[in-house]
Each structure stands twice: as C-alpha cells, then as structure tokens.
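First the structure, in the form of structure tokens, and then the observations on it.
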Amino acid sequence: MNLKIEELKERFILLEIWQLTINGAFQRANVYSDGAKGEKMNKEKEEFKKELREFVESISNQYQSEIKEINQHYSNIYSISTFSEKYEILLKDKKLNFGISQKLLNLYLKYLWCLGKIGTPPHFPVDRQIQVLLDDKNPTAWTNWGNDDGYNKVIDKAYSKRAIEGYDNIAELELELFLRI
C-alpha cells in the first residue's frame, strides 16, 4: 500500500482520538469564559485546540516507553495548565486547571496505549465515573481540581485496589473497571 495513504490513515486516527480526548476533558468542565463567544472567539478556540493538541502530542512522545519517574508525569500535567495560560481570555479560570489537564493528558495517553503507540501510562483519566468504580462513596468534582490533592486520593485508592486484585499497574486496573460498565 502507498506509504502516503498509511501516513494519512494514521494521522486521521490520531485526529479522531484528539477529538475524543477534547470532548472527554471539556464536555462537563465548562472551560470557556462567558466572553468567549462569537465568530472571532470561535477562531481563537480553534487555534487554542490546535496548539493544545500539538503541545500534548509533544508531551506524549515522552511516553514511548514507560515513564518510571512519576514526578515527570505530574510535571507534564501541570505544564498543560501553564501552557493554557496564554489563552486566558478564552478560559473561564484563565487556564485549564489540574483536573481538566490530567483528564486531557491521561485520556490521550490511554488511547495511544490501547493502540500500541506508547508504553503503559503511569496513571489513567480520573473522573467521577472511575471514582465510583473504585468504590468512592463521596466522589469529588474533578473538573474543579486546582491542584493534585483530589487526584492523589483517587490514584492512592487505585494502587490499593490494584494490589488486592493483582494487576501489574493501575492503568490496567482502570481499563478493566471501565469495561465492566
């Protein structure tokens, strides 16, 4: 088959994955400010999403093999929030908070992992659904997390459950829990 067609097919799939990622991270998060309306702002939003995609894609290259240093993963999540600050005029809180940034990166990595494009990600996309699946009786609103406190509680709970259920890592545990729905 034509190499160009194979490249186009892969790019198509990656763009579709990006759209699913944006939808998953933004759909309940109310990320845009009230002033981010109108045709001019729609163009700005498209530019923001394009640059954000490029930024997240560049970060995802670090995950070609498993990241052993978990602080690097946290740094990558925070870097998305910092990156978004240049679009503060569009964003409700002048940036993407930690909760939205972690969902964006972790969901994108999960898709790439499932396609065999990267190694096992260190974490998984944290949202209300996974909190419930981890038997959290009082799930918190991940869309409002300004730092990693709530996230860490979910990740710690997943590590405990992983040990009990015998999974190699928490990404595999989350995938199994998610597919049980």
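Residue numbering restarts at 1 in every chain; chains get A, B, ... in the order shown in the structure tokens, and ligands count up from 1 in that same order.
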
Taking only C-alpha atoms into account, produce a table as a tab-separated table in which each residue of region 48-101 of chain A with an atom at most 9 Å from an atom of region 108-130 of chain A appears once, together with its shortest atom pair and the distance in Å to one decimal, ordered by chain and rising number.
```
residue	atom	partner	partner_atom	distance
A:Val56	CA	A:Tyr108	CA	8.2
A:Glu57	CA	A:Tyr108	CA	8.7
A:Ser60	CA	A:Leu109	CA	6.8
A:Asn61	CA	A:Ile118	CA	8.1
A:Gln62	CA	A:Ile118	CA	8.9
A:Tyr63	CA	A:Ile118	CA	5.8
A:Gln64	CA	A:Ile118	CA	4.4
A:Ser65	CA	A:Gly119	CA	4.6
A:Glu66	CA	A:Gly119	CA	4.9
A:Ile67	CA	A:Pro122	CA	6.7
A:Lys68	CA	A:Pro122	CA	7.9
A:Ile70	CA	A:Pro122	CA	7.1
A:His73	CA	A:Pro122	CA	7.5
A:Gly99	CA	A:Val126	CA	8.0
```

Which neighbours of region 28-43 of chain A fall inside 7 Å, counting only C-alpha atoms, when residues of the same chain fewer than 3 positions from it are skipped, and could you give them as JSON, numbers by chain? {"A": [46, 47, 90, 91, 92, 143]}

Going by DSSP on the backbone, which residues of chain A come out as alpha helix (DSSP H)? List them as a PyMOL selection string. chain A and resi 3-26+39-60+70-84+98-114+128-133+149-165+170-179

Quick check, in Å to one decimal: how far apart do CA of Thr21 (chain A) and CA of Gly150 (chain A) lie?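 Between CA of Thr21 (chain A) and CA of Gly150 (chain A) the gap is 20.9 Å.
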
Within 10 Å of Ile80 (chain A), counting only C-alpha atoms, which residues show up once you throw out same-chain ones fewer than 3 positions away? Write them as a compact mmCIF listing (two decimals) with N, CA and C atoms, in the first residue's frame, please.
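Output (selection-v2.txt):
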```
# COMPACT_ATOMS: atom_id res chain seq x y z
N LEU A 52 -2.98 23.33 21.57
CA LEU A 52 -3.04 22.41 22.70
C LEU A 52 -2.76 20.98 22.23
N PHE A 55 0.87 20.59 21.60
CA PHE A 55 1.60 20.55 22.86
C PHE A 55 1.45 19.18 23.53
N VAL A 56 0.24 18.66 23.59
CA VAL A 56 0.00 17.36 24.21
C VAL A 56 0.68 16.25 23.40
N ILE A 59 4.27 16.21 24.36
CA ILE A 59 4.44 15.59 25.67
C ILE A 59 4.33 14.07 25.55
N SER A 75 4.52 16.71 36.43
CA SER A 75 5.06 17.91 35.78
C SER A 75 4.42 18.12 34.42
N ASN A 76 4.20 17.04 33.69
CA ASN A 76 3.56 17.14 32.37
C ASN A 76 2.12 17.63 32.50
N ILE A 77 1.41 17.15 33.50
CA ILE A 77 0.03 17.60 33.72
C ILE A 77 0.02 19.10 34.02
N PHE A 83 0.69 25.97 29.97
CA PHE A 83 0.59 26.27 28.54
C PHE A 83 -0.71 27.02 28.23
N SER A 84 -1.80 26.59 28.85
CA SER A 84 -3.11 27.16 28.55
C SER A 84 -3.25 28.61 28.99
N GLU A 85 -2.40 29.08 29.87
CA GLU A 85 -2.49 30.45 30.37
C GLU A 85 -2.38 31.49 29.27
N LYS A 95 -7.09 29.58 32.75
CA LYS A 95 -6.24 28.46 32.38
C LYS A 95 -7.02 27.17 32.58
N LEU A 96 -6.50 26.09 32.10
CA LEU A 96 -7.07 24.78 32.40
C LEU A 96 -6.54 24.35 33.76
N ASN A 97 -7.43 23.99 34.66
CA ASN A 97 -6.98 23.60 35.99
C ASN A 97 -6.36 22.20 35.97
N PHE A 98 -5.88 21.76 37.11
CA PHE A 98 -5.22 20.46 37.19
C PHE A 98 -6.16 19.32 36.79
N ILE A 100 -8.77 19.21 34.77
CA ILE A 100 -9.01 19.16 33.33
C ILE A 100 -7.73 18.75 32.60
N SER A 101 -6.59 19.27 33.06
CA SER A 101 -5.30 18.94 32.43
C SER A 101 -4.97 17.46 32.58
N GLN A 102 -5.24 16.89 33.77
CA GLN A 102 -4.94 15.47 33.95
C GLN A 102 -5.85 14.61 33.09
N LEU A 104 -7.20 15.44 30.25
CA LEU A 104 -6.75 15.62 28.87
C LEU A 104 -5.54 14.72 28.58
N LEU A 105 -4.50 14.83 29.39
CA LEU A 105 -3.29 14.05 29.14
C LEU A 105 -3.53 12.56 29.34
```

Counting only C-alpha atoms, the residue of A:Phe12, A:Trp18, A:Tyr74, A:Phe26 that sits nearest Asp149 (chain A):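 Result for the nearest residue to Asp149 (chain A): A:Tyr74.
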
From the list A:Leu20, A:Leu107, A:Gln27, A:Asp148, which residue is nearest Asn71 (chain A) when using only C-alpha atoms?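 With only C-alpha atoms as the atom set, the closest residue is A:Asp148.
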
Which one is closest to Glu174 (chain A): A:Tyr151, A:Glu10, A:Leu134, A:Asp156? Count only C-alpha atoms.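 Result for the nearest residue to Glu174 (chain A): A:Leu134.
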
Å distance separating CA of Ser79 (chain A) from CA of Glu7 (chain A), one decimal place: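 Interatomic distance here is 28.8 Å.
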
Write out as a list in words each polymer residue whose atoms come within 12 Å of Asp135 (chain A), counting only C-alpha atoms; drop sequence neighbours fewer than 4 positions from it.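 Residues near the query, excluding close chain neighbours: Arg128, Gln129, Ile130, Gln131, Pro139, Val154, Lys157, Ala158, Ser160, Lys161 and Leu177 of chain A.
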